[in-house]
Amino acid sequence: MNDAFAQLAMLGSSLVLITSFLLLWRRGTPAHVSALAIQSIALGATAGLVGYFADKHELYLVAVLLIALKGVGIPVLLHRMARRLGPARHVPPYVNTATSLLAGALLVLLAYVVMRPLVEASPLPTRAGMPLAMGVVFVSLFVIVSRRHALAQVIGFLMLENGIALLAVLGTYGIPLIVEIGVFLDAMMGFLVMQIVVYHIHQTFQSLDVEQLNRLRR
Amino acid sequence: MTDLLFAVMVGGYAAGAAAAGVWGQERGGHTASAAGAIVGAIAGLLLGLSGSAGGAAHHWAALDVAAVAGGVVLRLDVLAAFFLVLIGVVAAPAVLYGAGYVAGYAGRYSLRGLGVALNLFLLATSLVPLAGNVMTFLLAWEGMSLASYFLVLTDHEDPETVRAGTWYLGMTQVGLAFLLGAFLFLGAAAPSLDFADLSAAAAELDPAARGLVFVLAVLGFGSKAGLVPLHVWLPRAHPAAPSHVSALMSGVMITLGIYGLLRVGFDVLGGGPAWWGALLIGLGAASALVGVLYALMEDDIKRLLAYSTVENAGLITLGVGAGFLFQALDLPRAAALAVAAALYHALNHAAFKGLLFLGAGSILHATGTRNMNRYGGLIRRMPWTAPCMLLGTVAIAGLPPLNGFMSEWLLFQALLPGVAVASPVVAVLMVLALGVLALTAGLAAAAFAKAFGISFLALPRSDAAAAAHEASVTMRAGMVALAAACVLLAAGALPALAAAGAVASTLVGLAPHPPTFALWLSFQTPAGLARMSPPAVIAGLAVGLGLVWLLVRAVSSRRPVRLAATWGCGRVGQSPRMEYTATAFAEPLRRVFSAIYRPTEDVTVDHHPESRYFVQAIAYRARLLPWFEHYLYEPVLGRVRRWGRRTLLLQSGSIHAYLAYVVGALVLLLGALLVSGAP
Amino acid sequence: MTAASGHVLAAAQALLCLAVAPGLIGLIRWLKARMQNRRGSPVWQPYLDLRKLLAKETVVSVNASWLFRLAPYVVFTSTAAVTFLLPVLAVPLPLDPVGDLLVVVYLLLLGTFFLALAGLDPGSAFGGMGASREMTVAALAEPSIAVAMFALALGAGSTNLGEIVARAMARPADAVSPGYLLAFTALFIVTLAETGRLPVDNPATHLELTMIHEAMVLEYSGRYLALIEWAAALKLLVFFTLLANLFVPWGVATTLGPGALLLAAVTYVAKLAVLAAAVAVFETRVAKLRLFRVPELLSVSFVLALLAITASFLSR
């Protein structure tokens, strides 16, 4: 029972991690948005799974919220936004794809090294997934740093949140519901603010290349 | 018996040097010098074989020679014996080859100097592993370095060679300075400079001092072994030397750097904390990758081989590093396997790299150029060199069933247990090392597919290649001997590994001959991870090849093979200009790794004067960013030059000023003594 | 299992592989044709092709040397030798002590190496291009194969294929563990790259500047081509067998009874058919990648392999 739980939780966290690599690998906003959608659904499923096995029924609500909001709602908004902004010309990232992927893998190994003490201290069957969750956080940060496309950065930020949520679910079986909802609203606000900023960037520069922001200094 | 072999070895080299010195310019003297060297090399090989049988270390001492520093002490233990064998395996064929090869130098350069230097080089090289104290070691080490410097300078009319020699001399002296530092540190705490005394003293040193000694030793020996970033002299000096000397430098001298690491790290210091191993693994992995990446891009066949030496030195260091690491983690059997794999790879590398340099020498001799883009079609003109080189490339590319594969297999197996270590940092390090090892193996296969394919196959790309001739009899004999050594080392992987395992076990402090190395048919790693049988793989492939040939003959059409022109989309006539060149072959990988190479490409197209649609000539030049020269050596050398210029102020030219310096220094010194209160 | 029956089994498995391999290629072609609304040639067409090629005259370029004639034999022998080491029907494998998965991987690389040399030999630009690209892909695929395989080997405590299968059969649930799934995906990508399938190379194309494998073997004809085609089919089968039996060892026999062996043969063929269908679907859905995006695909595979080790082994 516990064995299957551990196995499934690991599977879920691996899926969440893999989808963050999709962000490094694939090109174009639609691919990135669907990566976010898949990731959020996988995260929701993992949360639901933990809720079922660990008897934490408020996690079901978290799962539903995650899937509805980040798995469906935000992706739909993002798709619409991408359509409205028109087919952006390809903005190459600062770091090329193959190197990004390798850097991502190294970051996951780093996450594994830094999380080792926590994993060893944790009694929970889900502990083995924690390094992967930390890996999601690192990889998302790397995306935010290395991409020039504003929407890719927004998606990176949303994935960063997913990583933190996964860490919370695996490490402590979820933080209290009220905090969780607070974080959600926070993220929602953040997303809305970023959406406005992205529109402004696009209006000012006719491009989503954040490199253009350099021009504001003069 | 041991004494006799030792006497014959030293006598052979000495007689060879003397013969070259006295009658060096005549044909007879030249032959006698080579004969002396071969006798010496074979005696050294036998001495090594007799020494590796184990037993108490043999000991020679001549205390009066340089009594101040402990005299000359020579000691034959299993580690020394292993390296004597390694030297002998390459030295005898290389000298035999050289006897024919240097005929081309007659009349242009002094064969006398070459003969003397070669014999002295081999003598000093053989004494390095035998040295029992610091004095002897440094004498032999410097003898080896200086003799090889003169050998590099053989073609001294070429300014490129002189520059290469200067780089080599500079790097080797910097390395020596580090070694002197390491030995002085150790010696200060020891009653004498004998290695045994140093070892006892090292046990008393505090960890920081031991760490410092180790780092100094890594810098000193690493510069000889060609570890990144101290490898820059290799691709310069090895191509400049005559090819049989390149074979000796690449196959033998490089590995003596590894010998030094083992002697000082394990024998004298007795192993150390885990970061020593991690440092070596990092250096080894970096050298392996840098070496193979630059080998891939090289169009000069000897520079390609030199870079590949950097790669292989990296792989050997990787194994040695894993040995240090495992010993620090208290896994002596895994440590023994790792060191044994490294030693076995060193021996294999000596054989195939020696072979490849000899083969490259034959091509150079036949065509007069080192640029592979001017070769092609040599397989038809050189029926002996081609199969030997093919064998060497399969071996160095790490492909079964030859010896390169056997030792790479072992290196993989040696690193694998590291992933199971509880420490996360070690486990991650090992996973990355395994990835680097696999990538290196793949890239090496690509690099040598290029080296052999572009040089030997297709149509000749220049008149020189079209008119190439096969090497002389002694040259062929040298190559065939080393090719046979490669096959024997593969088929005899188990006894060879047993010898390496015995050395490794004594180094890491296990009882010699652990039972796992004694299995005859199938070798098994101590971690119990894997089994593989080299003789069975070789036999299986050989039998299979014959069987397939017979079967295909039986079932296929009896019509004879028809010869026809290469198919070419309807164009008439084929010219070598349509062929892929060495540069073109490596182009995809240059693109893939462009972040590392930073190539600056420069294409000039000459159009026909009548029409822009007809191209007359295209000049393509690609230059890679020389990272180490650009970011390390040039700034350092620039700073040294600036300091040098500043010290010119002191250099007034007036003798009175110099005397004043001396008096001033004396007064200052006395004053300092007075102040410090010393008697 | 006695020594004699063991060796009979090894030989039988190898013969089975040799016999099945062309059919596998035929099956993929047929499935692809069906999915693209074509009728397609029958599944057994590759056998007819082989017979035809063996019966035909062999034409060799005047510029080619002995290496060109040697290479097909080396390619075929090294690939066929691998089949003796594979866990096809039953474990424990009698020839397990002879070679492990590293031997398998490097024997295949030996074939690639000789094929690349043979591509350079006749001196045509196509051959050189194919050889250069093939070696590039092979070199970059090497780390992901090794690391993906090590993810399995470390779990099993051995790099010998028979042992890995035996260990995996003892824990059948591992087949759905994330480490296995990641390693499987990594190896699947490598399989596509190493055997010249889409999106890396197009097996159905000739005389396009995009081809890799076909460019290399362009000069071959008659019995040499037969050997090379057969070896290529065999290589695909080798990778499929590794994917099928290392990761999903269900059905592999542990005794040599006729019932167990029959069941093993049936499940083996069924697993191959599933993989063939997967490749056919994949090849129908995706377009060929630009050559210089292939390294990205291979680094994805390497990343997956690294994650596989992390998930299955490091985070225990």
# chains A, B, ... in the order shown; residues from 1 in each chain; ligands from 1

$ interface_residues --of "chain A" --to "chain C" --cutoff "10 Å" --atoms "only C-alpha atoms" --output "ChimeraX atom specification"
/A:4,6-15,17-18,21-22,24-26,96-106,108-109,112-113,115-116,119-120,127-132

$ closest_atom_pairs --of "chain C" --to "chain B" --cutoff "6 Å" --atoms "only C-alpha atoms" --output "JSON lines"
{"residue": "C:Leu54", "atom": "CA", "partner": "B:Ser556", "partner_atom": "CA", "distance": 4.7}
{"residue": "C:Ala55", "atom": "CA", "partner": "B:Ser557", "partner_atom": "CA", "distance": 4.6}
{"residue": "C:Glu57", "atom": "CA", "partner": "B:Arg559", "partner_atom": "CA", "distance": 5.9}
{"residue": "C:Thr58", "atom": "CA", "partner": "B:Val561", "partner_atom": "CA", "distance": 5.0}
{"residue": "C:Val59", "atom": "CA", "partner": "B:Arg562", "partner_atom": "CA", "distance": 4.7}
{"residue": "C:Val60", "atom": "CA", "partner": "B:Leu563", "partner_atom": "CA", "distance": 5.0}
{"residue": "C:Ser61", "atom": "CA", "partner": "B:Thr566", "partner_atom": "CA", "distance": 4.9}
{"residue": "C:Val62", "atom": "CA", "partner": "B:Leu563", "partner_atom": "CA", "distance": 5.4}
{"residue": "C:Thr77", "atom": "CA", "partner": "B:Leu545", "partner_atom": "CA", "distance": 5.6}
{"residue": "C:Pro97", "atom": "CA", "partner": "B:Arg531", "partner_atom": "CA", "distance": 5.0}
{"residue": "C:Val98", "atom": "CA", "partner": "B:Ser533", "partner_atom": "CA", "distance": 4.6}
{"residue": "C:Gly99", "atom": "CA", "partner": "B:Met532", "partner_atom": "CA", "distance": 4.6}
{"residue": "C:Tyr106", "atom": "CA", "partner": "B:Leu399", "partner_atom": "CA", "distance": 5.9}
{"residue": "C:Leu110", "atom": "CA", "partner": "B:Leu399", "partner_atom": "CA", "distance": 5.7}
{"residue": "C:Leu117", "atom": "CA", "partner": "B:Gly453", "partner_atom": "CA", "distance": 5.4}
{"residue": "C:Asp121", "atom": "CA", "partner": "B:Ala458", "partner_atom": "CA", "distance": 4.6}
{"residue": "C:Pro122", "atom": "CA", "partner": "B:Ala458", "partner_atom": "CA", "distance": 5.3}
{"residue": "C:Gly123", "atom": "CA", "partner": "B:Ala458", "partner_atom": "CA", "distance": 4.2}
{"residue": "C:Ser124", "atom": "CA", "partner": "B:Glu579", "partner_atom": "CA", "distance": 5.7}
{"residue": "C:Ala125", "atom": "CA", "partner": "B:Glu579", "partner_atom": "CA", "distance": 5.0}
{"residue": "C:Gly128", "atom": "CA", "partner": "B:Tyr580", "partner_atom": "CA", "distance": 5.1}
{"residue": "C:Ser132", "atom": "CA", "partner": "B:Phe585", "partner_atom": "CA", "distance": 4.9}
{"residue": "C:Met135", "atom": "CA", "partner": "B:Ala446", "partner_atom": "CA", "distance": 5.2}
{"residue": "C:Ala139", "atom": "CA", "partner": "B:Gly442", "partner_atom": "CA", "distance": 3.9}
{"residue": "C:Glu142", "atom": "CA", "partner": "B:Gly442", "partner_atom": "CA", "distance": 5.6}
{"residue": "C:Pro143", "atom": "CA", "partner": "B:Ala438", "partner_atom": "CA", "distance": 4.7}
{"residue": "C:Gly157", "atom": "CA", "partner": "B:Leu529", "partner_atom": "CA", "distance": 5.7}
{"residue": "C:Ser158", "atom": "CA", "partner": "B:Leu529", "partner_atom": "CA", "distance": 4.1}
{"residue": "C:Thr159", "atom": "CA", "partner": "B:Ala530", "partner_atom": "CA", "distance": 5.3}
{"residue": "C:Asn160", "atom": "CA", "partner": "B:Ala530", "partner_atom": "CA", "distance": 5.8}

$ residues_around --residues "Gly392 in chain B" --least-positions-apart "6" --cutoff "7 Å" --atoms "only C-alpha atoms" --output "number ranges by chain"
B: 352, 355-356, 483

$ write_last_selection --atoms "C-alpha atoms" --output "mmCIF file, in the first residue's frame"
data_model
loop_
_atom_site.group_PDB
_atom_site.id
_atom_site.type_symbol
_atom_site.label_atom_id
_atom_site.label_comp_id
_atom_site.auth_asym_id
_atom_site.auth_seq_id
_atom_site.Cartn_x
_atom_site.Cartn_y
_atom_site.Cartn_z
ATOM 1 C CA PHE B 352 47.966 1.845 -29.560
ATOM 2 C CA LEU B 355 51.342 2.322 -33.091
ATOM 3 C CA LEU B 356 49.349 5.291 -34.365
ATOM 4 C CA ALA B 483 49.855 -3.977 -33.621
#

$ select_by_dssp --residues "range 457-664 of chain B" --states "strand (DSSP E)" --output "list in words"
Phe523, Gln524, Arg531, Met532, Arg562, Leu563, Ala564, Thr600, Glu601, Asp602, Val603, Thr604, Val605, Asp606, His607, Val615, Gln616, Ala617, Ile618, Ala619, Tyr620, Arg621, Ala622 and Arg623 of chain B

$ write_last_selection --atoms "N, CA and C atoms" --output "short mmCIF file (atom, residue, chain, number, x, y, z; two decimals), in the first residue's frame"
data_model
loop_
_atom_site.label_atom_id
_atom_site.label_comp_id
_atom_site.auth_asym_id
_atom_site.auth_seq_id
_atom_site.Cartn_x
_atom_site.Cartn_y
_atom_site.Cartn_z
N PHE B 523 36.18 -12.02 -16.81
CA PHE B 523 36.49 -11.23 -15.63
C PHE B 523 35.31 -10.56 -15.01
N GLN B 524 35.45 -10.50 -13.70
CA GLN B 524 34.34 -10.13 -12.86
C GLN B 524 34.85 -8.99 -12.00
N ARG B 531 30.21 -9.21 -15.63
CA ARG B 531 31.15 -10.20 -16.12
C ARG B 531 31.34 -10.00 -17.62
N MET B 532 32.55 -10.23 -18.07
CA MET B 532 32.82 -10.11 -19.50
C MET B 532 34.02 -10.99 -19.78
N ARG B 562 31.54 -6.94 -60.21
CA ARG B 562 31.85 -6.06 -61.34
C ARG B 562 32.31 -4.71 -60.81
N LEU B 563 33.34 -4.17 -61.44
CA LEU B 563 33.83 -2.87 -61.04
C LEU B 563 33.17 -1.80 -61.90
N ALA B 564 32.79 -0.71 -61.26
CA ALA B 564 32.18 0.38 -62.02
C ALA B 564 32.55 1.69 -61.34
N THR B 600 35.66 31.01 -35.62
CA THR B 600 35.48 32.16 -36.49
C THR B 600 35.75 31.65 -37.89
N GLU B 601 34.73 31.69 -38.73
CA GLU B 601 34.87 31.13 -40.06
C GLU B 601 35.02 32.26 -41.05
N ASP B 602 35.70 31.96 -42.10
CA ASP B 602 36.11 33.00 -43.02
C ASP B 602 36.06 32.37 -44.41
N VAL B 603 35.05 32.75 -45.19
CA VAL B 603 34.90 32.15 -46.51
C VAL B 603 35.12 33.22 -47.58
N THR B 604 36.05 32.98 -48.47
CA THR B 604 36.27 33.91 -49.57
C THR B 604 35.94 33.18 -50.87
N VAL B 605 35.06 33.76 -51.65
CA VAL B 605 34.67 33.13 -52.91
C VAL B 605 35.22 33.98 -54.06
N ASP B 606 35.96 33.33 -54.95
CA ASP B 606 36.45 34.01 -56.16
C ASP B 606 35.53 33.65 -57.31
N HIS B 607 34.92 34.66 -57.92
CA HIS B 607 34.03 34.37 -59.04
C HIS B 607 34.79 34.41 -60.34
N VAL B 615 31.89 29.87 -59.97
CA VAL B 615 32.84 30.11 -58.88
C VAL B 615 34.18 29.51 -59.26
N GLN B 616 35.22 30.29 -59.14
CA GLN B 616 36.53 29.76 -59.50
C GLN B 616 37.19 29.06 -58.31
N ALA B 617 37.14 29.71 -57.17
CA ALA B 617 37.81 29.12 -56.02
C ALA B 617 37.09 29.57 -54.76
N ILE B 618 37.08 28.69 -53.79
CA ILE B 618 36.53 29.06 -52.48
C ILE B 618 37.62 28.80 -51.46
N ALA B 619 37.93 29.81 -50.69
CA ALA B 619 38.89 29.61 -49.60
C ALA B 619 38.10 29.60 -48.31
N TYR B 620 38.28 28.54 -47.53
CA TYR B 620 37.56 28.42 -46.27
C TYR B 620 38.59 28.32 -45.15
N ARG B 621 38.44 29.16 -44.18
CA ARG B 621 39.37 29.11 -43.05
C ARG B 621 38.53 29.15 -41.78
N ALA B 622 38.76 28.21 -40.88
CA ALA B 622 38.05 28.25 -39.61
C ALA B 622 39.08 28.24 -38.50
N ARG B 623 38.90 29.13 -37.57
CA ARG B 623 39.82 29.18 -36.44
C ARG B 623 39.01 28.98 -35.18
#

$ atom_distance --atom1 "CA of Leu272 in chain C" --atom2 "CA of Trp250 in chain C"
13.0 Å

$ residues_around --residues "Leu152 in chain C" --least-positions-apart "4" --cutoff "8 Å" --atoms "only C-alpha atoms" --output "PyMOL selection string"
chain C and resi 148+156+164+180+183

$ write_last_selection --atoms "C-alpha atoms" --output "CSV table (one decimal), in the first residue's frame"
chain,number,residue,atom,x,y,z
C,148,ALA,CA,19.9,5.0,-19.4
C,156,ALA,CA,19.7,-4.7,-10.8
C,164,ILE,CA,18.9,-7.4,-15.2
C,180,TYR,CA,12.1,2.8,-15.6
C,183,ALA,CA,15.0,5.4,-18.9

$ select_by_dssp --residues "range 318-538 of chain B" --states "alpha helix (DSSP H)" --output "ChimeraX atom specification"
/B:318-328,332-367,378-381,385-396,403-419,424-456,463-466,473-491,493-508,534-538
